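Here is the structure we will look at, set down as structure tokens.
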Amino acid sequence: MSGIVIEGVQKSFGVTTVLRGVSLAVAQGEFLSLVGPSGCGKTTLLRIIAGLEAVSAGAVRIAGRDVTALRAADRDVAMVFQNYALYPHLTVRQNIAVPLVMRRLKAAERIPVVGGLLPGVAAKRREISTDVVAAAQMLGVGALLERKPAQLSGGQRQRVALGRAIVRHPRAFLMDEPLSNLDAALRVTTRSEIVALHRRVGASTVYVTHDQSEAMTMSDRVAVMMDGLILQVGTPEEIYTNPQDIRVAAFIGSPSINTLAAEIGADGDVMVGGIASGLGASVRGPTTLAIRPENIMLADTGIAARIEHLEYLGESLLLHARVLASHELVICRLSPERRRQVARGETIHLRPDPSRAFLFDSEGRRLAAHARTRELAHG
Amino acid sequence: MSGTRSLGGRRMRSDAGIAWLLTLPAILAYLAMILLPLLAVLALAFTDYEFGARGFRWIGLANFADMLSDRTFAASIRNTVVYCLFVAPLSIGIALALAVLIEAGARGRAFYRAVFFLPVVSLTVAMATAWQYLLHPSIGPVNALLRMVGAGTPNWLGSSDWVIVSLGFIGVWENVGFNLVLFLAGLTAIPRELYAASEIDGARSGWSKFWLVTWPMLGPTMLFVIIITMTRSIRVFDTVQTLTQGGPNNASEVLLRTIYQEGFHYFKFGYSAAITLVFLVIVLGLMLVQTRLIDRRVHYG
């Protein structure tokens, strides 16, 4: 059993419960993102894996070893912090060397000058120096070794922080929103660099972010967290095309998924505003139909709505329309050529693609639903 | 065109005028309170002026030459140096140790801060009475305690071997609280994430975290504390004046008291000014050496 395994982890700070029983398995060499809104407990979970916080209940195993009771220094994990947490008084070289110096040299051997006189220390120092240079070169900061963090740009500091993490080949890699302090352009390029670095290093990685595009683009799998629970774990494609909870559906995707109040009729038809949506379900009662903006078509008949706003994005056109019957706002992604065919104030008819629509119960859980071929034939 | 230009020129002139007007109070205060007295001291140091005398003579460096053969002055320099070398390291070291312990403790931070800061806000002259009693050779509790354990009972403030050490202890007691508050402020400014990073990097003991994070991050605070403690201890006066008056036999004579004695007791203003000048040069020199030496090794920001 390798990788990182989290079993039933709970965490409370005083009366506030931050994690309410989280279980997760990260395979050896896997890149997994923890994504969720701020305050959902994702950073706390990461700090628990790192050993910076103790669990209230549950267990953490890294590479088959139960580390729940071990402190951070003994877990053999590396962590990249949001604001890098570089030692400001040390040069880049010294910063990257710290994890090696702390692990390979004994306390007495670390004493400046005097420590260097002890037998074997010079050889160890040389080894450390070789490893530091190798890590720095891998990250393209080989030319900055003698600089202090204050003399580096945000992107360079980020690389030094990564270097300090990879230099000792840890069993697990933990990253806490490492890109959030970079500007937008740098964020996108660093994204692919971190993925490339992960492939070279090959350690299990847990990456915390509130940015769904980072989670979707970088990860092998994504875990969506909310209110101290993991709602769904899956590949980015599964999360997007098959959300199991309405909060997952709403959190992933931009613009956000459309939600429409729906009723299920006696014959199993899912009705939106009295109109059959083309979706069928076997349950009864009030439900929510969720449909992504790109899966709504304009048609001659369907849900009547008035166009409130048009956003031309170049590669697509976003149409904001208000459903006449329920006053719900719906956003449709259309091809940009449709721009001349629609105008603000017009009434249009919307038709969700039933094979791509999701149905959720009043608790937000996904309901089984199927496209009705009869309706499709009529459309 | 020329009209607008002259208007602009006038405005610029009046802006400068207002600037001078606004800084005038500060300039006047600086001149009257700092620069003029300093220049007066500088001038007096080269005269034989005595308070109440009709006139004075310029005597060049004679005052400074007198100092070289003045045994009181030599004793006061030596005692001041010993006092500083005793008070500064001890009060800084103890304050740092206490600050780290208090900061690491779960509770009682405000309580400890208040307790250790009390000597700073209490009146030294009033507290000196308490010290006088505590250190009294026959009825003092300190010696009573020493007698109980069978140790020697020195005359703390009365013997020339012990007096500067006793005053030094009182100096440490006075300064620890002040330095402690400065260190506590410095400690809270250290980002928590650096400790988390050091833990991840393998710093297991509090000791290695202290050397990896706390000590270097406290650099600017340390520089400030060293300078402030040195200048505070060079200026020692009130405990000496109230407890020993420089005695016995000049064993606790310190610079500031010598200046005071020469100026306000013997009314030798010229000589007193000359010693003041030496005192100023020592203080300035110390600060210069410290900032030059330490500033290079201190990391800011």
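Ordering of the structure tokens sets the chain letters (A, B, ...); residue numbers start at 1 within each chain; ligands are numbered from 1 in the order shown.
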
Please build the interface table for chain B against chain A with a cut-off of 7 Å, listing for each qualifying residue the nearest atom pair and the distance in Å to one decimal; count only C-alpha atoms, order rows by chain and increasing number, and write it as a Markdown table.
| residue | atom | partner | partner_atom | distance |
| --- | --- | --- | --- | --- |
| B:Glu193 | CA | A:Ala85 | CA | 5.9 |
| B:Leu194 | CA | A:Ala85 | CA | 5.3 |
| B:Ala196 | CA | A:Leu52 | CA | 6.7 |
| B:Ala197 | CA | A:Ala85 | CA | 6.4 |
| B:Glu199 | CA | A:Ala73 | CA | 5.4 |
| B:Ile200 | CA | A:Ala73 | CA | 5.1 |
| B:Asp201 | CA | A:Pro99 | CA | 4.4 |
| B:Gly202 | CA | A:Ala73 | CA | 4.3 |
| B:Ala203 | CA | A:Met102 | CA | 6.1 |
| B:Arg204 | CA | A:Ala73 | CA | 6.1 |
| B:Pro216 | CA | A:His89 | CA | 6.7 |
| B:His299 | CA | A:His89 | CA | 5.6 |

Could you take the residues named above and write them with all heavy atoms, as a PDB file, in the first residue's frame?
ATOM      1  N   GLU B 193       4.672  30.671   9.399  1.00  0.00           N
ATOM      2  CA  GLU B 193       4.956  29.698   8.343  1.00  0.00           C
ATOM      3  C   GLU B 193       6.430  29.299   8.327  1.00  0.00           C
ATOM      4  O   GLU B 193       6.755  28.202   7.896  1.00  0.00           O
ATOM      5  CB  GLU B 193       4.559  30.266   6.979  1.00  0.00           C
ATOM      6  CG  GLU B 193       3.082  30.087   6.715  1.00  0.00           C
ATOM      7  CD  GLU B 193       2.743  30.078   5.250  1.00  0.00           C
ATOM      8  OE1 GLU B 193       3.543  30.595   4.444  1.00  0.00           O
ATOM      9  OE2 GLU B 193       1.678  29.563   4.903  1.00  0.00           O
ATOM     10  N   LEU B 194       7.312  30.216   8.781  1.00  0.00           N
ATOM     11  CA  LEU B 194       8.729  29.865   8.799  1.00  0.00           C
ATOM     12  C   LEU B 194       8.984  28.724   9.772  1.00  0.00           C
ATOM     13  O   LEU B 194       9.811  27.847   9.520  1.00  0.00           O
ATOM     14  CB  LEU B 194       9.576  31.079   9.181  1.00  0.00           C
ATOM     15  CG  LEU B 194       9.795  32.099   8.064  1.00  0.00           C
ATOM     16  CD1 LEU B 194      10.691  33.214   8.545  1.00  0.00           C
ATOM     17  CD2 LEU B 194      10.391  31.432   6.844  1.00  0.00           C
ATOM     18  N   ALA B 196       6.710  26.442  10.551  1.00  0.00           N
ATOM     19  CA  ALA B 196       6.147  25.261   9.892  1.00  0.00           C
ATOM     20  C   ALA B 196       7.148  24.731   8.864  1.00  0.00           C
ATOM     21  O   ALA B 196       7.404  23.523   8.797  1.00  0.00           O
ATOM     22  CB  ALA B 196       4.822  25.616   9.222  1.00  0.00           C
ATOM     23  N   ALA B 197       7.735  25.638   8.081  1.00  0.00           N
ATOM     24  CA  ALA B 197       8.702  25.221   7.061  1.00  0.00           C
ATOM     25  C   ALA B 197       9.902  24.548   7.715  1.00  0.00           C
ATOM     26  O   ALA B 197      10.391  23.520   7.230  1.00  0.00           O
ATOM     27  CB  ALA B 197       9.149  26.423   6.242  1.00  0.00           C
ATOM     28  N   GLU B 199      10.008  22.970  10.519  1.00  0.00           N
ATOM     29  CA  GLU B 199       9.571  21.656  11.022  1.00  0.00           C
ATOM     30  C   GLU B 199       9.578  20.637   9.873  1.00  0.00           C
ATOM     31  O   GLU B 199      10.089  19.529  10.001  1.00  0.00           O
ATOM     32  CB  GLU B 199       8.167  21.801  11.622  1.00  0.00           C
ATOM     33  CG  GLU B 199       7.508  20.501  12.028  1.00  0.00           C
ATOM     34  CD  GLU B 199       7.915  20.018  13.412  1.00  0.00           C
ATOM     35  OE1 GLU B 199       8.116  20.858  14.296  1.00  0.00           O
ATOM     36  OE2 GLU B 199       8.029  18.801  13.593  1.00  0.00           O
ATOM     37  N   ILE B 200       9.013  21.040   8.722  1.00  0.00           N
ATOM     38  CA  ILE B 200       8.986  20.161   7.543  1.00  0.00           C
ATOM     39  C   ILE B 200      10.417  19.852   7.083  1.00  0.00           C
ATOM     40  O   ILE B 200      10.731  18.739   6.661  1.00  0.00           O
ATOM     41  CB  ILE B 200       8.216  20.844   6.396  1.00  0.00           C
ATOM     42  CG1 ILE B 200       6.771  21.079   6.804  1.00  0.00           C
ATOM     43  CG2 ILE B 200       8.343  20.056   5.101  1.00  0.00           C
ATOM     44  CD1 ILE B 200       5.765  20.153   6.249  1.00  0.00           C
ATOM     45  N   ASP B 201      11.277  20.875   7.163  1.00  0.00           N
ATOM     46  CA  ASP B 201      12.653  20.701   6.706  1.00  0.00           C
ATOM     47  C   ASP B 201      13.465  19.818   7.650  1.00  0.00           C
ATOM     48  O   ASP B 201      14.632  19.533   7.363  1.00  0.00           O
ATOM     49  CB  ASP B 201      13.340  22.063   6.558  1.00  0.00           C
ATOM     50  CG  ASP B 201      12.865  22.790   5.306  1.00  0.00           C
ATOM     51  OD1 ASP B 201      12.300  22.119   4.428  1.00  0.00           O
ATOM     52  OD2 ASP B 201      13.057  24.016   5.210  1.00  0.00           O
ATOM     53  N   GLY B 202      12.894  19.459   8.776  1.00  0.00           N
ATOM     54  CA  GLY B 202      13.579  18.509   9.642  1.00  0.00           C
ATOM     55  C   GLY B 202      14.166  19.113  10.904  1.00  0.00           C
ATOM     56  O   GLY B 202      14.961  18.463  11.570  1.00  0.00           O
ATOM     57  N   ALA B 203      13.783  20.342  11.260  1.00  0.00           N
ATOM     58  CA  ALA B 203      14.252  20.913  12.521  1.00  0.00           C
ATOM     59  C   ALA B 203      13.376  20.345  13.624  1.00  0.00           C
ATOM     60  O   ALA B 203      12.227  20.754  13.782  1.00  0.00           O
ATOM     61  CB  ALA B 203      14.163  22.435  12.482  1.00  0.00           C
ATOM     62  N   ARG B 204      13.894  19.382  14.376  1.00  0.00           N
ATOM     63  CA  ARG B 204      13.078  18.689  15.360  1.00  0.00           C
ATOM     64  C   ARG B 204      13.009  19.450  16.671  1.00  0.00           C
ATOM     65  O   ARG B 204      11.942  19.619  17.236  1.00  0.00           O
ATOM     66  CB  ARG B 204      13.641  17.289  15.613  1.00  0.00           C
ATOM     67  CG  ARG B 204      13.271  16.314  14.540  1.00  0.00           C
ATOM     68  CD  ARG B 204      13.879  14.953  14.819  1.00  0.00           C
ATOM     69  NE  ARG B 204      13.587  14.055  13.726  1.00  0.00           N
ATOM     70  CZ  ARG B 204      14.238  14.080  12.582  1.00  0.00           C
ATOM     71  NH1 ARG B 204      15.203  14.963  12.401  1.00  0.00           N
ATOM     72  NH2 ARG B 204      13.928  13.258  11.621  1.00  0.00           N
ATOM     73  N   PRO B 216      18.008  34.530  13.626  1.00  0.00           N
ATOM     74  CA  PRO B 216      18.227  35.456  12.514  1.00  0.00           C
ATOM     75  C   PRO B 216      17.068  36.431  12.297  1.00  0.00           C
ATOM     76  O   PRO B 216      17.301  37.586  11.951  1.00  0.00           O
ATOM     77  CB  PRO B 216      18.401  34.550  11.295  1.00  0.00           C
ATOM     78  CG  PRO B 216      17.964  33.204  11.703  1.00  0.00           C
ATOM     79  CD  PRO B 216      18.060  33.126  13.183  1.00  0.00           C
ATOM     80  N   HIS B 299      19.578  40.956   8.881  1.00  0.00           N
ATOM     81  CA  HIS B 299      18.675  40.935   7.741  1.00  0.00           C
ATOM     82  C   HIS B 299      17.414  41.719   8.081  1.00  0.00           C
ATOM     83  O   HIS B 299      16.794  41.473   9.098  1.00  0.00           O
ATOM     84  CB  HIS B 299      18.309  39.500   7.391  1.00  0.00           C
ATOM     85  CG  HIS B 299      17.077  39.447   6.593  1.00  0.00           C
ATOM     86  ND1 HIS B 299      17.086  39.685   5.242  1.00  0.00           N
ATOM     87  CD2 HIS B 299      15.790  39.266   6.935  1.00  0.00           C
ATOM     88  CE1 HIS B 299      15.865  39.621   4.806  1.00  0.00           C
ATOM     89  NE2 HIS B 299      15.056  39.375   5.801  1.00  0.00           N
TER      90      HIS B 299
END

Subject >> Residue set, range 107-201 of chain B restricted to helix (DSSP H, G or I), as a PyMOL selection string >> reply: chain B and resi 109-121+124-134+141-148+163-188+192-200

**OP:** Would you list the contacts of range 241-255 of chain A as number ranges by chain, taking every protein, DNA or RNA residue within 12 Å and counting only C-alpha atoms, but skipping same-chain residues closer than 4 positions in sequence?
**Re:** A: 35-37, 210-216, 222-227, 229-237, 259-260, 287-295, 311, 317-320, 330-333, 355-368

I'd like the neighbourhood of Asn250 in chain B as an mmCIF file with C-alpha atoms, in the first residue's frame, where a residue qualifies if any of its atoms comes within 8 Å (using only C-alpha atoms), though same-chain residues fewer than 3 positions away should be ignored.
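And here is the file that came out, around_16.cif:
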data_model
loop_
_atom_site.group_PDB
_atom_site.id
_atom_site.type_symbol
_atom_site.label_atom_id
_atom_site.label_comp_id
_atom_site.auth_asym_id
_atom_site.auth_seq_id
_atom_site.Cartn_x
_atom_site.Cartn_y
_atom_site.Cartn_z
ATOM 1 C CA THR B 72 38.204 60.218 39.975
ATOM 2 C CA ALA B 75 37.745 55.448 38.191
ATOM 3 C CA SER B 76 34.482 56.656 36.714
ATOM 4 C CA GLY B 246 29.904 57.000 44.039
ATOM 5 C CA GLY B 247 31.490 55.431 47.089
ATOM 6 C CA GLU B 253 31.828 56.540 40.610
#

**OP:** Find the residues near range 9-19 of chain A: any atom within 12 Å, counting only C-alpha atoms, skip ones fewer than 6 places away on the same chain, and give them as a VMD selection string.
**Re:** chain A and resid 38 to 49 53 to 61 68 225 to 230

Subject >> Nearby residues (only C-alpha atoms) at most 7 Å from Ser166 in chain B, same-chain spacing under 3 positions excluded, as a list of chain:residue names >> reply: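 In the requested form, the answer reads B:Trp156, B:Leu157, B:Trp162, B:Val163, B:Phe169, B:Ile170.
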
How would the residues just picked look written out with N, CA and C atoms as a short mmCIF file (atom, residue, chain, number, x, y, z; two decimals), in the first residue's frame?
data_model
loop_
_atom_site.label_atom_id
_atom_site.label_comp_id
_atom_site.auth_asym_id
_atom_site.auth_seq_id
_atom_site.Cartn_x
_atom_site.Cartn_y
_atom_site.Cartn_z
N TRP B 156 27.21 44.44 50.49
CA TRP B 156 26.95 44.59 49.05
C TRP B 156 27.24 45.98 48.51
N LEU B 157 26.67 46.98 49.18
CA LEU B 157 26.83 48.34 48.65
C LEU B 157 27.96 49.09 49.33
N TRP B 162 32.38 44.72 45.89
CA TRP B 162 31.04 44.24 45.51
C TRP B 162 30.14 45.32 44.93
N VAL B 163 30.48 46.58 45.21
CA VAL B 163 29.48 47.62 44.96
C VAL B 163 29.06 47.69 43.47
N PHE B 169 23.53 44.31 39.25
CA PHE B 169 22.34 43.47 39.38
C PHE B 169 21.07 44.31 39.34
N ILE B 170 21.13 45.45 40.04
CA ILE B 170 19.95 46.34 40.01
C ILE B 170 19.73 46.84 38.57
#

**OP:** Tell me, as a list in words, which residues lie within 12 Å of Ala126 in chain B, counting only C-alpha atoms; anything in the same chain fewer than 4 positions away does not count.
**Re:** Pro119, Val121, Ser122, Ala130, Trp131, Gln132, Tyr133, Asp238, Thr239, Thr242 and Leu243 of chain B

Output N, CA and C atoms of each residue in that selection to a file, as a short mmCIF file (atom, residue, chain, number, x, y, z; two decimals), in the first residue's frame.
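Writing done, so here's selection.cif:
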data_model
loop_
_atom_site.label_atom_id
_atom_site.label_comp_id
_atom_site.auth_asym_id
_atom_site.auth_seq_id
_atom_site.Cartn_x
_atom_site.Cartn_y
_atom_site.Cartn_z
N PRO B 119 9.49 46.86 36.86
CA PRO B 119 10.66 47.66 37.23
C PRO B 119 10.88 48.85 36.30
N VAL B 121 8.55 50.74 34.84
CA VAL B 121 7.65 51.85 35.11
C VAL B 121 7.75 52.36 36.54
N SER B 122 8.38 51.56 37.44
CA SER B 122 8.48 52.05 38.81
C SER B 122 9.61 53.06 38.91
N ALA B 130 14.09 50.24 48.53
CA ALA B 130 13.85 48.81 48.71
C ALA B 130 15.15 48.02 48.55
N TRP B 131 15.93 48.39 47.55
CA TRP B 131 17.21 47.70 47.35
C TRP B 131 18.16 47.92 48.52
N GLN B 132 18.13 49.16 49.01
CA GLN B 132 18.98 49.48 50.16
C GLN B 132 18.68 48.53 51.32
N TYR B 133 17.37 48.31 51.55
CA TYR B 133 16.96 47.41 52.63
C TYR B 133 17.36 45.96 52.30
N ASP B 238 20.92 57.37 38.59
CA ASP B 238 20.05 57.51 39.76
C ASP B 238 20.29 56.47 40.85
N THR B 239 20.57 55.20 40.46
CA THR B 239 20.83 54.20 41.51
C THR B 239 22.13 54.54 42.24
N THR B 242 21.57 57.63 44.57
CA THR B 242 20.75 57.40 45.75
C THR B 242 21.36 56.35 46.69
N LEU B 243 22.06 55.35 46.15
CA LEU B 243 22.51 54.25 47.00
C LEU B 243 23.92 54.43 47.53
#

**OP:** Work out how far CA of Phe173 in chain A is from CA of Leu34 in chain A, in Å to one decimal.
**Re:** 13.1 Å

Original post:
Counting only C-alpha atoms, which of A:Val323, A:Val114, A:Leu152, A:Val167 gets nearest to Val132 in chain A?
Top reply: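 Looking at the shortest contact to Val132 in chain A, the residue is A:Val167.
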
**OP:** Using only C-alpha atoms, pick whichever of B:Phe237, B:Phe73, B:Phe46, B:Phe178 has the shortest atom-to-atom distance to Val115 in chain B.
**Re:** B:Phe178

**OP:** Kindly give the distance, in Å, that separates CA of Ile102 in chain B and CA of Arg232 in chain B, rounded to a single decimal.
**Re:** 24.4 Å

**OP:** Check the smallest atom-to-atom distance from each of A:Ala134, A:Val206, A:Val121, A:Leu145 to Glu109 in chain A using only C-alpha atoms, then report the winner.
**Re:**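 Of all the options, A:Val121 lies closest to Glu109 in chain A.
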
**OP:** Find the residue from B:Ala32, B:Val100, B:Leu21, B:Val125 that sits nearest to Gly206 in chain B; use only C-alpha atoms when measuring.
**Re:**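 Going through B:Ala32, B:Val100, B:Leu21, B:Val125 one by one, the smallest distance to Gly206 in chain B is for B:Val100.
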
Original post:
What does the distance between CA of Arg372 in chain A and CA of Gly265 in chain A come to in Å, to one decimal place?
Top reply: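 Between CA of Arg372 in chain A and CA of Gly265 in chain A the gap is 13.4 Å.
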